[in-house]
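Enquirer: Before I ask anything, here is the structure I am working with.
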Amino acid sequence: MRYVRFLKTPRVVAEKSTSRNEVCCLVTITSDLGDFFLPYDIELSAELLGCAGPKEYVLVWKTVQWTGGMRSLSIAIPLSKTQQSWAGLRVRVGAGPKRTHDDYASLSEQDARGVVSAWSATFAPNVEAQKLVERRFKPPQGPISGIWEETGESIARHLWDAGIALSCHLVELTNKNTELSKALLPPVVSSPLRVLELGTGCGMVGITLAQTIADARVTLTDLPEAREIVQRNIDTASRAKGASLVFQELDWDTEIPLQLQKSLKHLALVVAADCTYNPDSSPALVNTLSRLAKMSSGVIIAVAMKMRHSSEEIFFDLMAAAGFQETSKIMFPLPGDEEIGEEIVYLHVYKYATCS
Ligand SMILES: C[S@@+](CC[C@H](N)C(=O)[O-])C[C@H]1O[C@@H](n2cnc3c(N)ncnc32)[C@H](O)[C@@H]1O
């Protein structure tokens with residue numbers, strides 16, 4: 001997958017020759033790590049949206065061309081006088097015109113090239129957009145879910161491939177006969193289902209779980225730097241009936257805080273997505289998983305990862321040495337490959353051996 005990112009967020013400027021106003025922004029299309037630019041040509045739709053409360057209207061749209069080899073693309077959208085009177089404007093840039101969301105199927109279309117759309121924050125002629133971008137996903141039978149991330153380079157404060165791939169498949173948990181349900185849910189699902197997410201980043205996986213499973217009690221954890229963006233996403237997220245979402249700080253390099261320990265009794269599921277990309281962090285991550293497994297007998301551990309380098313395999317050795325047994329491995333091919341299977345997210349599911 002690749003992501004449209006705002007290098008310069010949209011703003012209203014006067015066009016030099018005519019002094020008419022237009023909305024300008026600068027975008028790029030990169031991998032989650034920011035290490036690869038989209039190497040293919042793709043026609044993008046650049047849209048100016050007028051916001052009235054929660055409703056949005058497409059005021060102007062135009063196609064813009066990204067060409068393989070590019071590193072950035074400047075976009076200008078004309079802005080009429082009447083359009084300037086909207087209290088809030090937003091810009092969407094993505095594949096396919098006038099889309100209200102992305103989903104796995106649309107991202108997998110040949111023309112979409114696995115490019116995830118960006119919705120800017122609101123702005124107005126005299127108000128700059130915050131340096132945030134919204135990603136919008138929708139499961140086949142569910143509401144559109146918006147997740148905010150920052151436009152900067154922080155590891156924690158933007159979305160990663162494994163988190164999106166896992167989140168987009170979590171809808172399968174609503175059918176107890178799917179491979180994913182059999183792997184992740186206990187044979188007898190106790191209510192409430194207590195879930196903990198490690199390294200939640202912007203919170204997409206945990207939030208999607210709380211939107212999917214009624215009565216789920218989901219605790220999202222990460223370092224303090226993630227708190228602001230994840231809380232923003234929690235505050236705006238819908239939830240399945242009876243489900244709850246909270247954020248707590250949890251650093252794998254320290255003991256699990258006492259206050260958090262109390263709320264973690266009877267955990268059924270621990271999830272982590274794209275938390276194994278840095279082999280130096282794997283010992284601390286596995287230590288934390290061991291502590292959690294000892295606290296909650298029978299807990300299922302699900303780790304989604306896109307292997308970027310063979311050094312990340314140390315995670316598997318450490319898990320085996322700590323006494324975890326892999327019980328399932330599920331493949332999620334990522335949208336946007338030239339050939340299917342170029343980029344794959346695997347979900348590794350474990351149980352603590354002494355508990356089985
Ligand atoms: C690559 S991001 C993945 C974020 C999210 N799970 C996703 O898939 O979009 C890795 C996450 O692990 C968190 N992390 C890294 N080291 C950590 C540590 N020692 N303790 C807790 N979280 C950590 C980072 O802050 C970051 O949010």
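Residues in the structure tokens are named by chain (A, B, ... in the order shown) and by number from 1 within that chain; ligands are numbered from 1 in the order shown.
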When you look at Val127 (chain A) with a cut-off of 10 Å (counting only C-alpha atoms), what residues show up, excluding the ones that are within fewer than 6 positions of it in the same chain? I need them as a list in words.

Expert: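 The residues satisfying every condition are Arg11, Val12, Ala87, Gly88 and Leu89 of chain A.
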
Enquirer: Compute the set of protein, DNA and RNA residues whose minimum atom distance to ligand 1 is at most 6 Å, using only C-alpha atoms and all ligand atoms, and state it as a list of chain:residue names.

Expert: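 Result of the 6 Å neighbour search around ligand 1: A:Ile155, A:Ala156, A:Leu159, A:Trp160, A:Ala162, A:Gly163, A:Gly199, A:Thr200, A:Gly201, A:Asp222, A:Leu223, A:Leu250, A:Asp251, A:Trp252, A:Asp253, A:Ala272, A:Ala273, A:Asp274, A:Cys275.
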
Enquirer: Tell me, which residues of region 172-235 of chain A carry DSSP strand (DSSP E), written as a list in words?

Expert: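 Of region 172-235 of chain A, the ones in strand (DSSP E) are Arg194, Val195, Leu196, Glu197, Leu198, Arg217, Val218, Thr219, Leu220, Thr221 and Asp222 of chain A.
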
Enquirer: Could the residues of region 146-250 of chain A that have an atom at most 9 Å from region 133-136 of chain A be listed as a tab-separated table, each with its closest atom pair and the distance in Å to one decimal, counting only C-alpha atoms and ordered by chain and ascending residue number?

Expert:
```
residue	atom	partner	partner_atom	distance
A:Gly146	CA	A:Arg136	CA	4.4
A:Ile147	CA	A:Arg135	CA	5.3
A:Trp148	CA	A:Glu134	CA	4.3
A:Glu149	CA	A:Val133	CA	5.4
A:Glu150	CA	A:Val133	CA	6.1
A:Thr151	CA	A:Val133	CA	6.3
A:Leu159	CA	A:Arg135	CA	8.7
```

Enquirer: How would the residues just chosen look if you wrote them out with N, CA, C and O atoms as an mmCIF file, in the first residue's frame?

Expert:
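The result, stored in result39.cif:
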```
data_model
loop_
_atom_site.group_PDB
_atom_site.id
_atom_site.type_symbol
_atom_site.label_atom_id
_atom_site.label_comp_id
_atom_site.auth_asym_id
_atom_site.auth_seq_id
_atom_site.Cartn_x
_atom_site.Cartn_y
_atom_site.Cartn_z
ATOM 1 N N GLY A 146 -13.496 6.942 10.553
ATOM 2 C CA GLY A 146 -12.416 7.887 10.257
ATOM 3 C C GLY A 146 -11.333 7.785 11.312
ATOM 4 O O GLY A 146 -11.623 7.739 12.501
ATOM 5 N N ILE A 147 -10.090 7.706 10.872
ATOM 6 C CA ILE A 147 -8.958 7.668 11.796
ATOM 7 C C ILE A 147 -8.013 8.807 11.413
ATOM 8 O O ILE A 147 -7.587 8.898 10.257
ATOM 9 N N TRP A 148 -7.716 9.641 12.422
ATOM 10 C CA TRP A 148 -6.809 10.769 12.184
ATOM 11 C C TRP A 148 -5.377 10.345 12.418
ATOM 12 O O TRP A 148 -5.088 9.549 13.317
ATOM 13 N N GLU A 149 -4.488 10.900 11.600
ATOM 14 C CA GLU A 149 -3.058 10.723 11.854
ATOM 15 C C GLU A 149 -2.372 12.061 11.610
ATOM 16 O O GLU A 149 -2.973 12.984 11.056
ATOM 17 N N GLU A 150 -1.112 12.158 12.036
ATOM 18 C CA GLU A 150 -0.377 13.410 11.818
ATOM 19 C C GLU A 150 0.266 13.390 10.444
ATOM 20 O O GLU A 150 0.504 12.330 9.868
ATOM 21 N N THR A 151 0.562 14.596 9.935
ATOM 22 C CA THR A 151 1.197 14.650 8.619
ATOM 23 C C THR A 151 2.717 14.491 8.738
ATOM 24 O O THR A 151 3.389 14.290 7.744
ATOM 25 N N LEU A 159 -0.666 5.774 10.451
ATOM 26 C CA LEU A 159 -1.125 4.396 10.250
ATOM 27 C C LEU A 159 -0.082 3.577 9.506
ATOM 28 O O LEU A 159 0.659 4.101 8.675
#
```

Enquirer: Using only C-alpha atoms, I'd like a table of the residues in region 181-217 of chain A that come within 10 Å of region 316-338 of chain A; for each, show the closest atom pair and its distance in Å rounded to one decimal, ordered by chain and ascending number, as a Markdown table.

Expert:
```
| residue | atom | partner | partner_atom | distance |
| --- | --- | --- | --- | --- |
| A:Lys182 | CA | A:Ser328 | CA | 9.3 |
| A:Ala183 | CA | A:Ser328 | CA | 6.2 |
| A:Leu184 | CA | A:Ser328 | CA | 9.1 |
```

Enquirer: Go ahead and write the selection's residues with all heavy atoms as an mmCIF file, in the first residue's frame.

Expert:
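In the end it all went to result36.cif:
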```
data_model
loop_
_atom_site.group_PDB
_atom_site.id
_atom_site.type_symbol
_atom_site.label_atom_id
_atom_site.label_comp_id
_atom_site.auth_asym_id
_atom_site.auth_seq_id
_atom_site.Cartn_x
_atom_site.Cartn_y
_atom_site.Cartn_z
ATOM 1 N N LYS A 182 -12.022 -18.274 14.405
ATOM 2 C CA LYS A 182 -11.527 -19.499 15.058
ATOM 3 C C LYS A 182 -10.152 -19.256 15.660
ATOM 4 O O LYS A 182 -9.801 -19.823 16.682
ATOM 5 C CB LYS A 182 -11.481 -20.643 14.051
ATOM 6 C CG LYS A 182 -12.887 -21.143 13.710
ATOM 7 C CD LYS A 182 -12.853 -22.238 12.682
ATOM 8 C CE LYS A 182 -14.275 -22.573 12.245
ATOM 9 N NZ LYS A 182 -14.322 -23.282 10.991
ATOM 10 N N ALA A 183 -9.352 -18.386 14.995
ATOM 11 C CA ALA A 183 -7.991 -18.125 15.494
ATOM 12 C C ALA A 183 -7.981 -17.173 16.679
ATOM 13 O O ALA A 183 -7.198 -17.343 17.614
ATOM 14 C CB ALA A 183 -7.140 -17.550 14.364
ATOM 15 N N LEU A 184 -8.849 -16.175 16.660
ATOM 16 C CA LEU A 184 -8.732 -15.089 17.656
ATOM 17 C C LEU A 184 -9.687 -15.182 18.834
ATOM 18 O O LEU A 184 -9.411 -14.627 19.901
ATOM 19 C CB LEU A 184 -8.954 -13.726 16.985
ATOM 20 C CG LEU A 184 -7.940 -13.267 15.950
ATOM 21 C CD1 LEU A 184 -8.111 -11.791 15.666
ATOM 22 C CD2 LEU A 184 -6.523 -13.525 16.418
#
```

Enquirer: Quick one: pull the distance between CA of Arg99 (chain A) and CA of Gln65 (chain A), Å, one decimal.

Expert: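 That distance, rounded to one decimal, is 17.3 Å.
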
Enquirer: For the structure I just gave you, how does DSSP split region 196-237 of chain A - specifically, which residues are alpha helix (DSSP H)? Reply as a list of chain:residue names.

Expert: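 Assigned to alpha helix (DSSP H), within region 196-237 of chain A: A:Met204, A:Val205, A:Gly206, A:Ile207, A:Thr208, A:Leu209, A:Ala210, A:Gln211, A:Thr212, A:Arg227, A:Glu228, A:Ile229, A:Val230, A:Gln231, A:Arg232, A:Asn233, A:Ile234, A:Asp235, A:Thr236.
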